[in-house]
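Engineer: Could you have a look at this structure, given as structure tokens, before my questions?
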Amino acid sequence: MRDLISIIVPCFDEEEALPIFFVELENERKALPCDSEVIFVDDGSKDKTPDIIKHIAEKNAGVRYVLLSRNFGKEGAMAAGLCEARGDYAVVMDADLQHPPRYISVMYDAIKNPKDGRQIDSAAMYRTGRKGEKRIRSFFAKRLMKRFCRMSGIDIPAGATDYRMVSRRMLDCYLGLSETNRFSKGLFNWIGFDTKWIPYENTVRVAGRSKWSFSGLAGYGLEAMLSFSDKPLRYAAVLGAVSCVLALIFAIYVIIKTIIWGDPVAGFPSLFCMILFMGGSILLFLGLIGRYISKIYMETKRRPLFVAREKGGHRETKETPTGIPDGTEKS
Ligand code: UDP
Ligand code: MG
């Protein structure tokens, strides 16, 4: 039996990029040595993306879609697509051609024919450069990623993307994870098995614009860090302990100084600085602890990761003549 690859494409306001993307994707699908299906997930777009997706699904075999009830973010959209996947392998890729479709066969080959004969369950792409990206953004993105990985003990290369192919058993493990705060790169790493990382030259978005603002990206990085690591809490404790020791040493110094020279008023500015520093760090770490508590709060609600308002498309993966819907039962 031929393998089936499910290709999941989360889309949010991608009306300009989608038609160009789909032409390239179809070329790659035809060249694949196995069957494939495409699952478009519209993540609550405000433009014509849902109409374009439906049109594509109507005219092409093996294309299905899920329309979400609102914007749930890329993680939610990815989860929606992965839930729908029926394939032996699943691929997640962006709709803006920043994840070139030609690498689907490269990843498939890497999984099917591992070089050292060791079974691998996932092949994932990492960017070797950040061409076309604002310098300040790539600087912080790189820094954040490095720090995040070090803090949470996650082993992924710099430039790791969400463009990856996973086996059915790895996908089932992923779908079995019930947490609401999701950071897929970290989750796949946590699941384990063997992943082959493949480098590729970064490409610029074909049309439209990135949905990530600088602050959005920074927030995403922080959330990812908090959901994978409790080290910030440990840092708070260490800082508290160090401050106590310093305060004690300073107090001894002040007492001795007063006994010998008798100068009780001097040191007021340093006292002021210390109070300010301590007050600031207490508030900072209270805020951090608050973030963890709010995460626990959100997790206890057990809300679904997404809400779908419509599903459809052809389950059949064989080619149908363009423009003539074959009346395949809608799912
Ligand atoms: N995306 C999504 N929901 C969102 C934001 C983005 O489904 O809330 C999709 C988007 O349509 C694209 C992919 O996720 O297919 C990557 O988004 P984008 O290109 O904006 O991110 P970048 O490549 O700049 O990191
Ligand atoms: Mg992009």
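To be explicit about the labels: the chains of the structure tokens are called A, B, and onward in the order shown, and within each one the residues are counted from 1, while ligands get numbers from 1 in the order they are shown.
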Extract the full set of helix (DSSP H, G or I) residues from segment 105-223 of chain A according to DSSP on the backbone, and format it as a ChimeraX atom specification.
Structural biologist: /A:105-112,135-152,168-176,184-191,214-223
Engineer: To check your reading of the model: which residues sit at most 7 Å from ligand 2 when counting only C-alpha atoms and all ligand atoms? Write the answer as a PDB file with all heavy atoms, in the first residue's frame.
Structural biologist:
```pdb
ATOM      1  N   ASP A  94       3.733  26.574   6.061  1.00  0.00           N
ATOM      2  CA  ASP A  94       3.122  27.892   5.911  1.00  0.00           C
ATOM      3  C   ASP A  94       2.575  28.078   4.495  1.00  0.00           C
ATOM      4  O   ASP A  94       3.059  27.447   3.554  1.00  0.00           O
ATOM      5  CB  ASP A  94       4.149  28.997   6.186  1.00  0.00           C
ATOM      6  CG  ASP A  94       4.522  29.067   7.661  1.00  0.00           C
ATOM      7  OD1 ASP A  94       3.969  28.268   8.441  1.00  0.00           O
ATOM      8  OD2 ASP A  94       5.359  29.909   8.018  1.00  0.00           O
ATOM      9  N   ASP A  96       2.794  30.844   2.746  1.00  0.00           N
ATOM     10  CA  ASP A  96       3.399  31.997   2.067  1.00  0.00           C
ATOM     11  C   ASP A  96       4.658  31.638   1.275  1.00  0.00           C
ATOM     12  O   ASP A  96       5.422  32.512   0.890  1.00  0.00           O
ATOM     13  CB  ASP A  96       3.730  33.087   3.102  1.00  0.00           C
ATOM     14  CG  ASP A  96       4.613  32.557   4.223  1.00  0.00           C
ATOM     15  OD1 ASP A  96       5.052  31.400   4.119  1.00  0.00           O
ATOM     16  OD2 ASP A  96       4.851  33.306   5.188  1.00  0.00           O
ATOM     17  N   GLN A  98       7.288  30.418   2.337  1.00  0.00           N
ATOM     18  CA  GLN A  98       8.537  30.491   3.110  1.00  0.00           C
ATOM     19  C   GLN A  98       8.991  29.082   3.475  1.00  0.00           C
ATOM     20  O   GLN A  98      10.125  28.890   3.897  1.00  0.00           O
ATOM     21  CB  GLN A  98       8.341  31.339   4.368  1.00  0.00           C
ATOM     22  CG  GLN A  98       8.374  32.820   4.058  1.00  0.00           C
ATOM     23  CD  GLN A  98       8.520  33.657   5.313  1.00  0.00           C
ATOM     24  OE1 GLN A  98       7.625  33.688   6.149  1.00  0.00           O
ATOM     25  NE2 GLN A  98       9.651  34.312   5.444  1.00  0.00           N
ATOM     26  N   ARG A 205       8.686  35.840   2.051  1.00  0.00           N
ATOM     27  CA  ARG A 205       7.253  35.638   1.850  1.00  0.00           C
ATOM     28  C   ARG A 205       6.885  36.021   0.418  1.00  0.00           C
ATOM     29  O   ARG A 205       7.315  37.057  -0.080  1.00  0.00           O
ATOM     30  CB  ARG A 205       6.546  36.547   2.857  1.00  0.00           C
ATOM     31  CG  ARG A 205       5.083  36.467   2.920  1.00  0.00           C
ATOM     32  CD  ARG A 205       4.636  37.342   4.071  1.00  0.00           C
ATOM     33  NE  ARG A 205       4.064  36.524   5.123  1.00  0.00           N
ATOM     34  CZ  ARG A 205       2.875  35.964   5.025  1.00  0.00           C
ATOM     35  NH1 ARG A 205       2.153  36.141   3.950  1.00  0.00           N
ATOM     36  NH2 ARG A 205       2.405  35.225   5.997  1.00  0.00           N
ATOM     37  N   SER A 210       3.714  39.314   7.119  1.00  0.00           N
ATOM     38  CA  SER A 210       3.800  38.460   8.299  1.00  0.00           C
ATOM     39  C   SER A 210       2.790  38.921   9.352  1.00  0.00           C
ATOM     40  O   SER A 210       2.551  40.113   9.503  1.00  0.00           O
ATOM     41  CB  SER A 210       5.214  38.518   8.868  1.00  0.00           C
ATOM     42  OG  SER A 210       5.239  37.860  10.106  1.00  0.00           O
TER      43      SER A 210
END
```
Engineer: Which protein, DNA or RNA residues have an atom within 6 Å of ligand 1, counting only C-alpha atoms and all ligand atoms, as an NGL selection string?
Structural biologist: :A and (10-12 or 14 or 43 or 71 or 73-74 or 77 or 94-96 or 210-212)
Engineer: For a quick check of understanding, using only C-alpha atoms, which of A:Met151, A:Ile104, A:Leu288, A:Met93 has the smallest distance to Glu28 of chain A?
Structural biologist: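 With only C-alpha atoms as the atom set, the closest residue is A:Ile104.
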Engineer: So how far away is atom CA of Asp88 of chain A from atom CA of Asn181 of chain A, in Å?
Structural biologist: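 Spanning atom CA of Asn181 of chain A to atom CA of Asp88 of chain A is a straight-line distance of 26.4 Å.
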Engineer: Which of segment 60-218 of chain A end up as strand (DSSP E or B) when DSSP is run on this backbone - answer as an MDAnalysis selection string?
Structural biologist: chainID A and resid 63:68 89:92 122:127 160:167 195:200
Engineer: Output the selection as a compact mmCIF listing (two decimals), in the first residue's frame - N, CA, C and O atoms for each residue.
Structural biologist:
```
# COMPACT_ATOMS: atom_id res chain seq x y z
N VAL A 63 -8.23 17.57 -1.60
CA VAL A 63 -8.06 18.82 -0.85
C VAL A 63 -9.26 18.99 0.08
O VAL A 63 -10.40 18.98 -0.36
N ARG A 64 -8.99 19.09 1.36
CA ARG A 64 -10.07 19.32 2.32
C ARG A 64 -9.79 20.60 3.07
O ARG A 64 -8.72 21.18 2.97
N TYR A 65 -10.80 21.04 3.82
CA TYR A 65 -10.58 22.28 4.57
C TYR A 65 -11.32 22.27 5.90
O TYR A 65 -12.31 21.55 6.07
N VAL A 66 -10.82 23.05 6.81
CA VAL A 66 -11.49 23.30 8.10
C VAL A 66 -11.49 24.81 8.25
O VAL A 66 -10.44 25.45 8.13
N LEU A 67 -12.67 25.38 8.48
CA LEU A 67 -12.72 26.82 8.73
C LEU A 67 -12.97 27.01 10.23
O LEU A 67 -13.94 26.47 10.78
N LEU A 68 -12.11 27.75 10.88
CA LEU A 68 -12.27 27.96 12.33
C LEU A 68 -13.23 29.13 12.57
O LEU A 68 -13.40 30.01 11.72
N TYR A 89 1.81 9.91 7.31
CA TYR A 89 2.72 10.98 7.70
C TYR A 89 1.96 12.29 7.61
O TYR A 89 1.03 12.42 6.81
N ALA A 90 2.36 13.26 8.40
CA ALA A 90 1.72 14.58 8.33
C ALA A 90 2.80 15.65 8.21
O ALA A 90 3.85 15.56 8.85
N VAL A 91 2.52 16.63 7.36
CA VAL A 91 3.45 17.76 7.18
C VAL A 91 2.70 19.03 7.55
O VAL A 91 1.53 19.19 7.19
N VAL A 92 3.36 19.92 8.28
CA VAL A 92 2.78 21.24 8.54
C VAL A 92 3.63 22.26 7.81
O VAL A 92 4.85 22.22 7.89
N SER A 122 10.60 11.70 12.40
CA SER A 122 10.29 13.07 12.04
C SER A 122 11.46 13.68 11.27
O SER A 122 12.62 13.40 11.57
N ALA A 123 11.13 14.49 10.28
CA ALA A 123 12.16 15.27 9.58
C ALA A 123 11.69 16.71 9.64
O ALA A 123 10.52 17.00 9.41
N ALA A 124 12.58 17.61 10.00
CA ALA A 124 12.17 19.01 10.17
C ALA A 124 13.20 19.93 9.55
O ALA A 124 14.37 19.55 9.39
N MET A 125 12.76 21.12 9.15
CA MET A 125 13.63 22.05 8.43
C MET A 125 14.10 23.17 9.36
O MET A 125 13.34 23.64 10.20
N TYR A 126 15.35 23.56 9.19
CA TYR A 126 15.81 24.77 9.89
C TYR A 126 16.47 25.71 8.89
O TYR A 126 17.09 25.28 7.92
N ARG A 127 16.30 27.01 9.15
CA ARG A 127 16.81 28.03 8.23
C ARG A 127 18.28 28.31 8.51
O ARG A 127 18.67 28.45 9.66
N ALA A 160 15.28 26.76 13.76
CA ALA A 160 14.27 25.70 13.60
C ALA A 160 12.92 26.29 13.22
O ALA A 160 12.52 27.32 13.77
N THR A 161 12.24 25.67 12.27
CA THR A 161 10.92 26.17 11.85
C THR A 161 9.84 25.15 12.22
O THR A 161 10.15 24.06 12.72
N ASP A 162 8.60 25.50 11.92
CA ASP A 162 7.49 24.57 12.15
C ASP A 162 7.31 23.61 10.97
O ASP A 162 6.41 22.77 10.98
N TYR A 163 8.13 23.80 9.92
CA TYR A 163 8.00 22.98 8.71
C TYR A 163 8.57 21.60 9.02
O TYR A 163 9.78 21.43 9.10
N ARG A 164 7.69 20.63 9.21
CA ARG A 164 8.18 19.30 9.56
C ARG A 164 7.23 18.20 9.13
O ARG A 164 6.05 18.44 8.92
N MET A 165 7.80 17.01 8.98
CA MET A 165 6.99 15.84 8.67
C MET A 165 7.11 14.89 9.85
O MET A 165 8.21 14.68 10.36
N VAL A 166 5.97 14.37 10.30
CA VAL A 166 6.01 13.43 11.42
C VAL A 166 5.29 12.14 11.05
O VAL A 166 4.38 12.14 10.22
N SER A 167 5.70 11.06 11.70
CA SER A 167 5.07 9.77 11.45
C SER A 167 3.73 9.72 12.18
O SER A 167 3.45 10.53 13.06
N THR A 195 14.58 12.79 15.27
CA THR A 195 14.25 13.79 14.25
C THR A 195 15.49 14.10 13.43
O THR A 195 16.57 14.29 13.98
N LYS A 196 15.30 14.14 12.11
CA LYS A 196 16.42 14.57 11.25
C LYS A 196 16.20 16.03 10.91
O LYS A 196 15.16 16.41 10.36
N TRP A 197 17.17 16.89 11.24
CA TRP A 197 17.06 18.31 10.93
C TRP A 197 17.74 18.58 9.60
O TRP A 197 18.90 18.22 9.40
N ILE A 198 17.01 19.21 8.69
CA ILE A 198 17.53 19.48 7.35
C ILE A 198 17.66 20.99 7.14
O ILE A 198 16.69 21.73 7.37
N PRO A 199 18.84 21.48 6.74
CA PRO A 199 19.00 22.93 6.54
C PRO A 199 18.42 23.40 5.22
O PRO A 199 18.36 22.63 4.25
N TYR A 200 17.96 24.62 5.17
CA TYR A 200 17.56 25.23 3.89
C TYR A 200 17.74 26.75 3.99
O TYR A 200 17.73 27.32 5.08
```
Engineer: Fewer than 2 positions away in the same chain doesn't count, so skip those; otherwise give me all residues within 8 Å of Asn189 of chain A, counting only C-alpha atoms, as a PDB file with N, CA and C atoms, in the first residue's frame.
Structural biologist:
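That gives us selection_14.pdb:
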```pdb
ATOM      1  N   ILE A 154      15.521  22.010  25.844  1.00  0.00           N
ATOM      2  CA  ILE A 154      15.017  21.521  24.561  1.00  0.00           C
ATOM      3  C   ILE A 154      16.134  21.567  23.526  1.00  0.00           C
ATOM      4  N   ASP A 155      16.244  20.481  22.775  1.00  0.00           N
ATOM      5  CA  ASP A 155      17.355  20.369  21.849  1.00  0.00           C
ATOM      6  C   ASP A 155      16.868  20.586  20.412  1.00  0.00           C
ATOM      7  N   ILE A 156      16.857  21.855  19.980  1.00  0.00           N
ATOM      8  CA  ILE A 156      16.512  22.143  18.578  1.00  0.00           C
ATOM      9  C   ILE A 156      17.542  23.127  18.019  1.00  0.00           C
ATOM     10  N   LYS A 185       7.090  23.256  18.487  1.00  0.00           N
ATOM     11  CA  LYS A 185       8.496  22.845  18.326  1.00  0.00           C
ATOM     12  C   LYS A 185       8.977  22.147  19.600  1.00  0.00           C
ATOM     13  N   GLY A 186       8.603  22.723  20.747  1.00  0.00           N
ATOM     14  CA  GLY A 186       8.993  22.145  22.028  1.00  0.00           C
ATOM     15  C   GLY A 186       8.264  20.835  22.289  1.00  0.00           C
ATOM     16  N   LEU A 187       6.973  20.782  21.930  1.00  0.00           N
ATOM     17  CA  LEU A 187       6.187  19.572  22.191  1.00  0.00           C
ATOM     18  C   LEU A 187       6.731  18.384  21.404  1.00  0.00           C
ATOM     19  N   ILE A 191       8.167  14.909  22.888  1.00  0.00           N
ATOM     20  CA  ILE A 191       7.652  13.571  22.553  1.00  0.00           C
ATOM     21  C   ILE A 191       8.810  12.610  22.317  1.00  0.00           C
ATOM     22  N   GLY A 192       9.877  13.142  21.724  1.00  0.00           N
ATOM     23  CA  GLY A 192      11.060  12.301  21.529  1.00  0.00           C
ATOM     24  C   GLY A 192      11.103  11.656  20.165  1.00  0.00           C
TER      25      GLY A 192
END
```
Engineer: Would you kindly return, as a PyMOL selection string, each protein, DNA or RNA residue with an atom no farther than 12 Å from any atom of Glu223 of chain A, considering only C-alpha atoms and excluding same-chain residues fewer than 6 positions away?
Structural biologist: chain A and resi 144+148+180-183+186+216-217+229-230+288+291-292+294-295
Engineer: Pick from A:Leu97, A:Ala308, A:Cys173, A:Ile5: nearest to Val41 of chain A, with only C-alpha atoms counted?
Structural biologist: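 Of A:Leu97, A:Ala308, A:Cys173, A:Ile5, the one nearest Val41 of chain A is A:Ala308, counting only C-alpha atoms.
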Engineer: To one decimal in Å, tell me the separation between atom CA of Met298 of chain A and atom CA of Ser178 of chain A.
Structural biologist: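 For atom CA of Met298 of chain A relative to atom CA of Ser178 of chain A, the distance reads 12.1 Å.
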Engineer: Residues near Glu179 of chain A, anyone? I mean within 10 Å using only C-alpha atoms, not counting same-chain ones fewer than 3 positions away, as a CSV table (one decimal) with N, CA and C atoms, in the first residue's frame.
Structural biologist:
```csv
chain,number,residue,atom,x,y,z
A,176,GLY,N,-2.4,13.4,21.6
A,176,GLY,CA,-2.8,13.0,22.9
A,176,GLY,C,-2.4,14.0,24.0
A,182,ARG,N,0.4,25.9,24.0
A,182,ARG,CA,1.2,25.0,23.1
A,182,ARG,C,2.3,25.7,22.4
A,183,PHE,N,3.4,25.0,22.4
A,183,PHE,CA,4.6,25.5,21.6
A,183,PHE,C,5.1,24.2,20.9
A,227,SER,N,5.8,28.0,29.5
A,227,SER,CA,5.1,26.8,29.5
A,227,SER,C,6.1,25.6,29.5
A,298,MET,N,-5.8,28.7,33.2
A,298,MET,CA,-6.3,28.4,31.8
A,298,MET,C,-6.3,26.9,31.5
A,299,GLU,N,-5.3,26.2,32.1
A,299,GLU,CA,-5.2,24.7,31.8
A,299,GLU,C,-6.4,24.0,32.5
A,300,THR,N,-6.8,24.5,33.7
A,300,THR,CA,-7.8,23.8,34.4
A,300,THR,C,-9.2,23.9,33.7
A,302,ARG,N,-9.7,23.4,30.6
A,302,ARG,CA,-9.8,22.4,29.6
A,302,ARG,C,-10.6,22.8,28.4
A,303,ARG,N,-10.3,24.0,27.9
A,303,ARG,CA,-11.0,24.4,26.7
A,303,ARG,C,-10.4,23.8,25.5
A,304,PRO,N,-11.2,23.6,24.4
A,304,PRO,CA,-10.6,23.0,23.2
A,304,PRO,C,-9.6,24.0,22.6
A,305,LEU,N,-8.7,23.5,21.8
A,305,LEU,CA,-7.7,24.4,21.2
A,305,LEU,C,-8.2,25.2,20.0
```
